[in-house]
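File shown: target-v1.cif (mmCIF, N, CA and C atoms).
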```cif
data_target
loop_
_atom_site.label_atom_id
_atom_site.label_comp_id
_atom_site.auth_asym_id
_atom_site.auth_seq_id
_atom_site.Cartn_x
_atom_site.Cartn_y
_atom_site.Cartn_z
N MET S 1 0.85 -1.17 0.00
CA MET S 1 0.00 0.00 0.00
C MET S 1 0.89 1.23 0.00
N HIS S 2 0.68 2.14 -0.93
CA HIS S 2 1.48 3.34 -1.03
C HIS S 2 0.65 4.52 -0.57
N CYS S 3 1.28 5.39 0.14
CA CYS S 3 0.61 6.58 0.65
C CYS S 3 1.02 7.77 -0.19
N ILE S 4 0.08 8.45 -0.78
CA ILE S 4 0.37 9.63 -1.58
C ILE S 4 -0.01 10.86 -0.76
N ARG S 5 0.96 11.73 -0.57
CA ARG S 5 0.72 12.94 0.21
C ARG S 5 1.29 14.13 -0.54
N HIS S 6 0.56 15.21 -0.56
CA HIS S 6 1.06 16.40 -1.24
C HIS S 6 1.88 17.29 -0.32
N ASP S 7 1.81 17.06 0.99
CA ASP S 7 2.53 17.91 1.94
C ASP S 7 3.61 17.13 2.68
N SER S 8 4.13 16.09 2.06
CA SER S 8 4.95 15.15 2.80
C SER S 8 6.39 15.58 2.95
N PHE S 9 6.95 15.16 4.06
CA PHE S 9 8.38 15.18 4.25
C PHE S 9 8.76 13.71 4.18
N CYS S 10 9.54 13.33 3.22
CA CYS S 10 9.82 11.91 3.00
C CYS S 10 10.72 11.39 4.11
N LEU S 11 10.22 10.47 4.90
CA LEU S 11 11.01 9.88 5.96
C LEU S 11 11.83 8.72 5.45
N SER S 12 11.48 8.21 4.32
CA SER S 12 12.19 7.10 3.72
C SER S 12 13.13 7.64 2.66
N HIS S 13 14.20 6.92 2.42
CA HIS S 13 15.10 7.30 1.34
C HIS S 13 14.63 6.74 0.01
N THR S 14 13.57 5.94 0.06
CA THR S 14 13.02 5.38 -1.16
C THR S 14 11.72 6.10 -1.46
N HIS S 15 11.69 6.82 -2.52
CA HIS S 15 10.46 7.50 -2.90
C HIS S 15 10.50 7.81 -4.39
N ALA S 16 9.41 8.28 -4.86
CA ALA S 16 9.32 8.61 -6.28
C ALA S 16 8.67 9.98 -6.43
N ALA S 17 9.11 10.71 -7.41
CA ALA S 17 8.48 11.99 -7.70
C ALA S 17 7.51 11.77 -8.83
N LEU S 18 6.29 12.23 -8.64
CA LEU S 18 5.24 12.05 -9.64
C LEU S 18 4.70 13.40 -10.06
N LYS S 19 4.16 13.45 -11.22
CA LYS S 19 3.51 14.65 -11.72
C LYS S 19 2.06 14.27 -12.02
N PHE S 20 1.14 14.97 -11.39
CA PHE S 20 -0.26 14.71 -11.62
C PHE S 20 -0.78 15.76 -12.59
N SER S 21 -1.31 15.32 -13.68
CA SER S 21 -1.86 16.22 -14.68
C SER S 21 -3.36 16.24 -14.52
N SER S 22 -3.88 17.35 -14.01
CA SER S 22 -5.32 17.43 -13.77
C SER S 22 -6.10 17.50 -15.08
N SER S 23 -5.48 18.00 -16.11
CA SER S 23 -6.19 18.09 -17.38
C SER S 23 -6.38 16.72 -18.02
N LYS S 24 -5.41 15.83 -17.80
CA LYS S 24 -5.51 14.48 -18.37
C LYS S 24 -5.98 13.46 -17.34
N GLY S 25 -6.00 13.86 -16.06
CA GLY S 25 -6.47 12.96 -15.01
C GLY S 25 -5.61 11.74 -14.81
N ARG S 26 -4.30 11.89 -14.91
CA ARG S 26 -3.42 10.74 -14.70
C ARG S 26 -2.13 11.18 -14.02
N VAL S 27 -1.42 10.20 -13.50
CA VAL S 27 -0.16 10.43 -12.80
C VAL S 27 0.97 9.94 -13.68
N VAL S 28 2.01 10.75 -13.80
CA VAL S 28 3.17 10.41 -14.62
C VAL S 28 4.38 10.30 -13.71
N LEU S 29 5.13 9.23 -13.82
CA LEU S 29 6.33 9.03 -13.02
C LEU S 29 7.46 9.90 -13.55
N LEU S 30 8.02 10.75 -12.68
CA LEU S 30 9.14 11.60 -13.09
C LEU S 30 10.49 11.00 -12.70
N ALA S 31 10.58 10.49 -11.48
CA ALA S 31 11.85 9.94 -11.01
C ALA S 31 11.58 8.90 -9.94
N ARG S 32 12.40 7.93 -9.86
CA ARG S 32 12.27 6.90 -8.85
C ARG S 32 13.66 6.48 -8.41
N GLY S 33 13.80 6.16 -7.15
CA GLY S 33 15.10 5.68 -6.70
C GLY S 33 15.35 5.99 -5.25
N HIS S 34 16.60 5.86 -4.88
CA HIS S 34 17.04 6.13 -3.51
C HIS S 34 17.70 7.49 -3.50
N PHE S 35 17.12 8.40 -2.71
CA PHE S 35 17.63 9.75 -2.63
C PHE S 35 18.04 10.04 -1.19
N SER S 36 18.98 10.94 -1.02
CA SER S 36 19.36 11.33 0.33
C SER S 36 18.36 12.30 0.92
N SER S 37 17.57 12.94 0.08
CA SER S 37 16.53 13.85 0.52
C SER S 37 15.43 13.85 -0.54
N PRO S 38 14.28 14.42 -0.20
CA PRO S 38 13.21 14.47 -1.20
C PRO S 38 13.65 15.27 -2.42
N PRO S 39 13.02 15.03 -3.56
CA PRO S 39 13.36 15.79 -4.75
C PRO S 39 13.13 17.28 -4.49
N PRO S 40 13.90 18.14 -5.14
CA PRO S 40 13.70 19.57 -4.91
C PRO S 40 12.31 20.00 -5.31
N PRO S 41 11.77 21.00 -4.61
CA PRO S 41 10.42 21.44 -4.96
C PRO S 41 10.39 22.02 -6.37
N HIS S 42 9.34 21.72 -7.07
CA HIS S 42 9.16 22.23 -8.42
C HIS S 42 8.18 23.39 -8.39
N THR S 43 8.27 24.22 -9.35
CA THR S 43 7.31 25.31 -9.47
C THR S 43 5.97 24.71 -9.86
N LEU S 44 4.97 25.04 -9.07
CA LEU S 44 3.64 24.51 -9.37
C LEU S 44 3.07 25.25 -10.57
N GLN S 45 2.55 24.49 -11.48
CA GLN S 45 1.89 25.07 -12.64
C GLN S 45 0.40 24.83 -12.51
N THR S 46 -0.37 25.46 -13.32
CA THR S 46 -1.83 25.31 -13.20
C THR S 46 -2.28 23.89 -13.51
N SER S 47 -1.55 23.19 -14.35
CA SER S 47 -2.01 21.86 -14.75
C SER S 47 -1.24 20.73 -14.08
N ALA S 48 -0.30 21.05 -13.19
CA ALA S 48 0.52 19.98 -12.62
C ALA S 48 0.78 20.23 -11.15
N VAL S 49 0.76 19.17 -10.40
CA VAL S 49 1.11 19.20 -8.98
C VAL S 49 2.10 18.08 -8.75
N TYR S 50 3.17 18.39 -8.07
CA TYR S 50 4.18 17.38 -7.79
C TYR S 50 3.94 16.81 -6.40
N VAL S 51 4.02 15.51 -6.32
CA VAL S 51 3.80 14.85 -5.04
C VAL S 51 4.94 13.88 -4.78
N CYS S 52 5.06 13.52 -3.55
CA CYS S 52 6.06 12.54 -3.15
C CYS S 52 5.32 11.30 -2.70
N VAL S 53 5.73 10.15 -3.13
CA VAL S 53 5.08 8.90 -2.76
C VAL S 53 5.95 8.20 -1.73
N LEU S 54 5.38 7.97 -0.58
CA LEU S 54 6.09 7.26 0.47
C LEU S 54 5.84 5.77 0.29
N LEU S 55 6.88 5.00 0.28
CA LEU S 55 6.73 3.57 0.05
C LEU S 55 6.88 2.81 1.37
N PHE S 56 5.84 2.85 2.16
CA PHE S 56 5.81 2.14 3.42
C PHE S 56 4.69 1.12 3.36
N CYS S 57 5.03 -0.13 3.57
CA CYS S 57 4.00 -1.16 3.60
C CYS S 57 3.29 -1.17 4.95
N TRP S 58 3.95 -0.72 5.97
CA TRP S 58 3.40 -0.73 7.32
C TRP S 58 3.48 0.69 7.86
N PRO S 59 2.36 1.44 7.90
CA PRO S 59 2.38 2.86 8.25
C PRO S 59 3.07 3.23 9.55
N PRO S 60 2.99 2.41 10.62
CA PRO S 60 3.68 2.83 11.85
C PRO S 60 5.19 3.01 11.67
N ASP S 61 5.77 2.36 10.67
CA ASP S 61 7.21 2.54 10.45
C ASP S 61 7.55 3.98 10.14
N ALA S 62 6.71 4.67 9.42
CA ALA S 62 6.94 6.08 9.09
C ALA S 62 6.92 6.92 10.36
N TYR S 63 5.95 6.68 11.23
CA TYR S 63 5.87 7.44 12.46
C TYR S 63 7.01 7.09 13.41
N ARG S 64 7.40 5.82 13.44
CA ARG S 64 8.53 5.44 14.29
C ARG S 64 9.81 6.10 13.82
N ALA S 65 9.96 6.21 12.52
CA ALA S 65 11.13 6.92 11.98
C ALA S 65 11.11 8.38 12.41
N ALA S 66 9.94 8.99 12.39
CA ALA S 66 9.82 10.38 12.82
C ALA S 66 10.13 10.52 14.31
N VAL S 67 9.67 9.57 15.12
CA VAL S 67 9.94 9.60 16.56
C VAL S 67 11.43 9.42 16.82
N SER S 68 12.07 8.56 16.06
CA SER S 68 13.51 8.37 16.27
C SER S 68 14.31 9.61 15.87
N LEU S 69 13.80 10.36 14.88
CA LEU S 69 14.46 11.61 14.49
C LEU S 69 14.22 12.71 15.51
N ASN S 70 13.01 12.77 16.05
CA ASN S 70 12.66 13.81 17.02
C ASN S 70 11.64 13.25 18.01
N PRO S 71 12.11 12.74 19.15
CA PRO S 71 11.18 12.15 20.13
C PRO S 71 10.21 13.16 20.75
N ARG S 72 10.44 14.45 20.55
CA ARG S 72 9.56 15.47 21.11
C ARG S 72 8.52 15.96 20.10
N ASP S 73 8.40 15.26 18.98
CA ASP S 73 7.42 15.63 17.97
C ASP S 73 6.09 14.96 18.30
N TYR S 74 5.17 15.75 18.83
CA TYR S 74 3.89 15.19 19.27
C TYR S 74 3.09 14.61 18.10
N ARG S 75 3.30 15.14 16.89
CA ARG S 75 2.53 14.68 15.73
C ARG S 75 2.81 13.22 15.41
N ALA S 76 4.05 12.79 15.60
CA ALA S 76 4.38 11.39 15.33
C ALA S 76 3.73 10.47 16.36
N TRP S 77 3.77 10.88 17.62
CA TRP S 77 3.13 10.08 18.66
C TRP S 77 1.63 10.01 18.44
N TYR S 78 1.04 11.15 18.08
CA TYR S 78 -0.39 11.21 17.81
C TYR S 78 -0.74 10.34 16.60
N GLY S 79 0.09 10.39 15.57
CA GLY S 79 -0.13 9.56 14.38
C GLY S 79 -0.07 8.08 14.68
N LEU S 80 0.87 7.69 15.55
CA LEU S 80 0.93 6.28 15.97
C LEU S 80 -0.34 5.89 16.72
N GLY S 81 -0.82 6.79 17.57
CA GLY S 81 -2.07 6.52 18.29
C GLY S 81 -3.24 6.33 17.33
N GLN S 82 -3.33 7.20 16.33
CA GLN S 82 -4.40 7.08 15.35
C GLN S 82 -4.29 5.77 14.58
N THR S 83 -3.07 5.42 14.21
CA THR S 83 -2.86 4.19 13.44
C THR S 83 -3.32 2.97 14.23
N TYR S 84 -2.90 2.89 15.48
CA TYR S 84 -3.27 1.72 16.28
C TYR S 84 -4.75 1.74 16.67
N GLU S 85 -5.33 2.92 16.75
CA GLU S 85 -6.77 2.97 17.00
C GLU S 85 -7.52 2.42 15.79
N LEU S 86 -7.08 2.75 14.60
CA LEU S 86 -7.71 2.22 13.38
C LEU S 86 -7.52 0.71 13.26
N LEU S 87 -6.41 0.22 13.79
CA LEU S 87 -6.14 -1.22 13.76
C LEU S 87 -6.81 -1.97 14.90
N SER S 88 -7.65 -1.27 15.67
CA SER S 88 -8.35 -1.85 16.83
C SER S 88 -7.39 -2.44 17.84
N MET S 89 -6.36 -1.69 18.15
CA MET S 89 -5.38 -2.07 19.17
C MET S 89 -5.34 -0.94 20.20
N PRO S 90 -6.37 -0.88 21.07
CA PRO S 90 -6.54 0.29 21.94
C PRO S 90 -5.43 0.49 22.97
N TYR S 91 -4.81 -0.58 23.44
CA TYR S 91 -3.75 -0.40 24.44
C TYR S 91 -2.52 0.27 23.83
N TYR S 92 -2.19 -0.09 22.61
CA TYR S 92 -1.10 0.59 21.92
C TYR S 92 -1.48 2.04 21.63
N ALA S 93 -2.71 2.25 21.15
CA ALA S 93 -3.17 3.60 20.85
C ALA S 93 -3.12 4.47 22.11
N LEU S 94 -3.54 3.91 23.23
CA LEU S 94 -3.54 4.64 24.49
C LEU S 94 -2.13 5.07 24.87
N HIS S 95 -1.17 4.18 24.71
CA HIS S 95 0.22 4.50 25.02
C HIS S 95 0.70 5.70 24.20
N TYR S 96 0.45 5.65 22.91
CA TYR S 96 0.93 6.72 22.03
C TYR S 96 0.17 8.02 22.22
N TYR S 97 -1.12 7.95 22.47
CA TYR S 97 -1.88 9.17 22.75
C TYR S 97 -1.40 9.82 24.06
N ARG S 98 -1.07 9.00 25.05
CA ARG S 98 -0.55 9.56 26.31
C ARG S 98 0.76 10.30 26.07
N ARG S 99 1.62 9.72 25.24
CA ARG S 99 2.89 10.39 24.94
C ARG S 99 2.63 11.73 24.25
N ALA S 100 1.70 11.76 23.32
CA ALA S 100 1.36 13.00 22.63
C ALA S 100 0.80 14.02 23.61
N ALA S 101 -0.05 13.58 24.52
CA ALA S 101 -0.65 14.48 25.50
C ALA S 101 0.40 15.02 26.47
N MET S 102 1.40 14.23 26.81
CA MET S 102 2.48 14.71 27.68
C MET S 102 3.28 15.82 26.98
N LEU S 103 3.44 15.68 25.67
CA LEU S 103 4.20 16.68 24.92
C LEU S 103 3.38 17.95 24.64
N ARG S 104 2.06 17.80 24.53
CA ARG S 104 1.16 18.94 24.26
C ARG S 104 0.00 18.94 25.25
N PRO S 105 0.29 19.20 26.54
CA PRO S 105 -0.78 19.11 27.55
C PRO S 105 -1.88 20.15 27.40
N SER S 106 -1.62 21.23 26.67
CA SER S 106 -2.67 22.25 26.51
C SER S 106 -3.39 22.15 25.18
N ASP S 107 -3.18 21.07 24.46
CA ASP S 107 -3.85 20.88 23.17
C ASP S 107 -5.09 20.00 23.38
N PRO S 108 -6.28 20.57 23.19
CA PRO S 108 -7.50 19.80 23.46
C PRO S 108 -7.66 18.59 22.54
N ARG S 109 -7.05 18.62 21.36
CA ARG S 109 -7.17 17.46 20.45
C ARG S 109 -6.55 16.21 21.06
N MET S 110 -5.46 16.39 21.80
CA MET S 110 -4.80 15.24 22.43
C MET S 110 -5.72 14.62 23.48
N TRP S 111 -6.39 15.48 24.24
CA TRP S 111 -7.28 14.98 25.29
C TRP S 111 -8.54 14.35 24.73
N CYS S 112 -9.04 14.90 23.62
CA CYS S 112 -10.20 14.27 22.98
C CYS S 112 -9.83 12.90 22.42
N ALA S 113 -8.64 12.79 21.85
CA ALA S 113 -8.19 11.49 21.34
C ALA S 113 -8.05 10.49 22.47
N LEU S 114 -7.47 10.93 23.58
CA LEU S 114 -7.35 10.03 24.74
C LEU S 114 -8.73 9.62 25.24
N GLY S 115 -9.64 10.58 25.34
CA GLY S 115 -10.99 10.27 25.80
C GLY S 115 -11.69 9.26 24.90
N HIS S 116 -11.55 9.47 23.60
CA HIS S 116 -12.16 8.54 22.65
C HIS S 116 -11.55 7.15 22.79
N CYS S 117 -10.25 7.10 23.02
CA CYS S 117 -9.58 5.81 23.19
C CYS S 117 -10.08 5.11 24.46
N TYR S 118 -10.22 5.88 25.55
CA TYR S 118 -10.75 5.28 26.80
C TYR S 118 -12.16 4.76 26.63
N GLU S 119 -12.94 5.37 25.74
CA GLU S 119 -14.31 4.93 25.50
C GLU S 119 -14.38 3.72 24.57
N SER S 120 -13.31 3.38 23.92
CA SER S 120 -13.34 2.35 22.89
C SER S 120 -13.78 1.00 23.44
N GLU S 121 -14.16 0.15 22.53
CA GLU S 121 -14.69 -1.18 22.87
C GLU S 121 -13.69 -1.99 23.69
N GLY S 122 -12.42 -1.87 23.38
CA GLY S 122 -11.41 -2.67 24.06
C GLY S 122 -11.08 -2.21 25.46
N LEU S 123 -11.27 -0.92 25.76
CA LEU S 123 -10.89 -0.39 27.07
C LEU S 123 -12.09 -0.18 28.00
N ARG S 124 -13.12 0.48 27.50
CA ARG S 124 -14.33 0.76 28.29
C ARG S 124 -14.00 1.35 29.67
N MET S 125 -13.42 2.54 29.65
CA MET S 125 -13.08 3.26 30.88
C MET S 125 -13.75 4.64 30.83
N PRO S 126 -15.07 4.69 31.02
CA PRO S 126 -15.78 5.96 30.86
C PRO S 126 -15.37 7.03 31.85
N GLY S 127 -14.98 6.65 33.05
CA GLY S 127 -14.57 7.64 34.04
C GLY S 127 -13.34 8.41 33.59
N LEU S 128 -12.37 7.69 33.05
CA LEU S 128 -11.17 8.35 32.55
C LEU S 128 -11.45 9.15 31.28
N ALA S 129 -12.38 8.67 30.48
CA ALA S 129 -12.76 9.40 29.27
C ALA S 129 -13.37 10.76 29.64
N VAL S 130 -14.23 10.78 30.65
CA VAL S 130 -14.85 12.02 31.10
C VAL S 130 -13.79 13.00 31.58
N ARG S 131 -12.81 12.52 32.32
CA ARG S 131 -11.72 13.39 32.78
C ARG S 131 -10.97 13.99 31.61
N CYS S 132 -10.73 13.21 30.59
CA CYS S 132 -10.03 13.72 29.40
C CYS S 132 -10.86 14.77 28.68
N TYR S 133 -12.15 14.50 28.53
CA TYR S 133 -13.02 15.46 27.85
C TYR S 133 -13.12 16.77 28.64
N ARG S 134 -13.16 16.67 29.96
CA ARG S 134 -13.19 17.89 30.78
C ARG S 134 -11.90 18.68 30.60
N ARG S 135 -10.82 17.99 30.52
CA ARG S 135 -9.54 18.67 30.32
C ARG S 135 -9.50 19.33 28.93
N ALA S 136 -10.05 18.68 27.94
CA ALA S 136 -10.10 19.26 26.59
C ALA S 136 -10.93 20.55 26.62
N VAL S 137 -12.07 20.53 27.30
CA VAL S 137 -12.91 21.72 27.40
C VAL S 137 -12.18 22.82 28.16
N ALA S 138 -11.46 22.46 29.21
CA ALA S 138 -10.72 23.45 30.00
C ALA S 138 -9.62 24.13 29.17
N HIS S 139 -9.12 23.44 28.16
CA HIS S 139 -8.07 24.00 27.31
C HIS S 139 -8.63 24.62 26.04
N GLY S 140 -9.92 24.89 26.01
CA GLY S 140 -10.51 25.62 24.89
C GLY S 140 -10.76 24.77 23.66
N ASP S 141 -11.47 23.70 23.81
CA ASP S 141 -11.81 22.81 22.70
C ASP S 141 -12.66 23.55 21.68
N ARG S 142 -12.01 24.09 20.64
CA ARG S 142 -12.71 24.89 19.63
C ARG S 142 -13.67 24.06 18.79
N GLU S 143 -13.37 22.80 18.61
CA GLU S 143 -14.22 21.94 17.78
C GLU S 143 -15.46 21.48 18.53
N GLY S 144 -15.45 21.58 19.84
CA GLY S 144 -16.61 21.22 20.64
C GLY S 144 -16.79 19.72 20.85
N ILE S 145 -15.77 18.94 20.55
CA ILE S 145 -15.88 17.48 20.70
C ILE S 145 -16.02 17.10 22.16
N GLY S 146 -15.16 17.68 23.00
CA GLY S 146 -15.21 17.36 24.43
C GLY S 146 -16.54 17.72 25.04
N LEU S 147 -17.04 18.89 24.72
CA LEU S 147 -18.33 19.35 25.26
C LEU S 147 -19.46 18.46 24.78
N ALA S 148 -19.43 18.06 23.53
CA ALA S 148 -20.47 17.17 22.99
C ALA S 148 -20.43 15.81 23.68
N LYS S 149 -19.26 15.32 23.98
CA LYS S 149 -19.15 14.02 24.65
C LYS S 149 -19.60 14.10 26.10
N LEU S 150 -19.42 15.26 26.71
CA LEU S 150 -19.84 15.44 28.10
C LEU S 150 -21.34 15.64 28.24
N ALA S 151 -21.99 16.08 27.18
CA ALA S 151 -23.42 16.38 27.25
C ALA S 151 -24.27 15.13 27.36
#
```
Write out the structure in this file as structure tokens.
Amino acid sequence: MHCIRHDSFCLSHTHAALKFSSSKGRVVLLARGHFSSPPPPHTLQTSAVYVCVLLFCWPPDAYRAAVSLNPRDYRAWYGLGQTYELLSMPYYALHYYRRAAMLRPSDPRMWCALGHCYESEGLRMPGLAVRCYRRAVAHGDREGIGLAKLA
């Protein structure tokens, strides 16, 4: 499974540069191989967008690479939590969401993610979920997820 992202920072040394032609509705391979860094940015034209294709068969590897590069990057920990939540592995998701929340304690999204994880089928810890949602509301939950869950 290949992940196509238009805003990517390639964590892998294996990637390909593609050109998407919106007028023709197809993707054209520009370059493929092992690079020390992502291909240089190209000037965006009206009919073409350049993307980087990450070749990871197992998505957590990308986030683990990001964590090894910068253990204080909350986005990588949060991404690992999301990945394991989608894989129905709530204990792993909980671990990674906690790490993200420790790095960004005033970010209500981290607390909403933790609360949702505590509510999941595998954990069923509503008391802890309520505490997380209250903390999200206390930190200004602009999306209103915490408040909706508390109602």
message: Using the chain letters and numbers from this file, what does the PyMOL selection byres (((chain S and resi 132-137 and name CA) around 6) and name CA) select? Give the answer as a PyMOL selection string.
response: chain S and resi 108+111-112+115+129-131+138-141+146
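Neighbours of region 66-79 of chain S closer than or equal to 6.5 Å, with all atoms listed in the file counted and sequence neighbours fewer than 3 positions away skipped, come out as Asp61, Ala62, Tyr63, Gln82, Thr83, Tyr84, Tyr96, Tyr97, Arg99, Ala100, Leu103 and Arg104 of chain S.
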Kindly export the residues of the current selection with N, CA and C atoms, as an mmCIF file, in the coordinates of the input.
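Wrote it out as result.cif, contents follow:
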```cif
data_model
loop_
_atom_site.group_PDB
_atom_site.id
_atom_site.type_symbol
_atom_site.label_atom_id
_atom_site.label_comp_id
_atom_site.auth_asym_id
_atom_site.auth_seq_id
_atom_site.Cartn_x
_atom_site.Cartn_y
_atom_site.Cartn_z
ATOM 1 N N ASP S 61 5.770 2.360 10.670
ATOM 2 C CA ASP S 61 7.210 2.540 10.450
ATOM 3 C C ASP S 61 7.550 3.980 10.140
ATOM 4 N N ALA S 62 6.710 4.670 9.420
ATOM 5 C CA ALA S 62 6.940 6.080 9.090
ATOM 6 C C ALA S 62 6.920 6.920 10.360
ATOM 7 N N TYR S 63 5.950 6.680 11.230
ATOM 8 C CA TYR S 63 5.870 7.440 12.460
ATOM 9 C C TYR S 63 7.010 7.090 13.410
ATOM 10 N N GLN S 82 -3.330 7.200 16.330
ATOM 11 C CA GLN S 82 -4.400 7.080 15.350
ATOM 12 C C GLN S 82 -4.290 5.770 14.580
ATOM 13 N N THR S 83 -3.070 5.420 14.210
ATOM 14 C CA THR S 83 -2.860 4.190 13.440
ATOM 15 C C THR S 83 -3.320 2.970 14.230
ATOM 16 N N TYR S 84 -2.900 2.890 15.480
ATOM 17 C CA TYR S 84 -3.270 1.720 16.280
ATOM 18 C C TYR S 84 -4.750 1.740 16.670
ATOM 19 N N TYR S 96 0.450 5.650 22.910
ATOM 20 C CA TYR S 96 0.930 6.720 22.030
ATOM 21 C C TYR S 96 0.170 8.020 22.220
ATOM 22 N N TYR S 97 -1.120 7.950 22.470
ATOM 23 C CA TYR S 97 -1.880 9.170 22.750
ATOM 24 C C TYR S 97 -1.400 9.820 24.060
ATOM 25 N N ARG S 99 1.620 9.720 25.240
ATOM 26 C CA ARG S 99 2.890 10.390 24.940
ATOM 27 C C ARG S 99 2.630 11.730 24.250
ATOM 28 N N ALA S 100 1.700 11.760 23.320
ATOM 29 C CA ALA S 100 1.360 13.000 22.630
ATOM 30 C C ALA S 100 0.800 14.020 23.610
ATOM 31 N N LEU S 103 3.440 15.680 25.670
ATOM 32 C CA LEU S 103 4.200 16.680 24.920
ATOM 33 C C LEU S 103 3.380 17.950 24.640
ATOM 34 N N ARG S 104 2.060 17.800 24.530
ATOM 35 C CA ARG S 104 1.160 18.940 24.260
ATOM 36 C C ARG S 104 0.000 18.940 25.250
#
```
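Between CA of Ala113 (chain S) and CA of Ser88 (chain S) lies a distance of 14.1 Å.
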field: Gap from CA of Leu128 (chain S) to atom C of Leu150 (chain S) - Å, one decimal
entry: 13.2 Å
query: What is the CA of Ala93 (chain S) to CA of Glu121 (chain S) distance in Å?
result: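 Atom-to-atom, CA of Ala93 (chain S) to CA of Glu121 (chain S), that is 12.6 Å.
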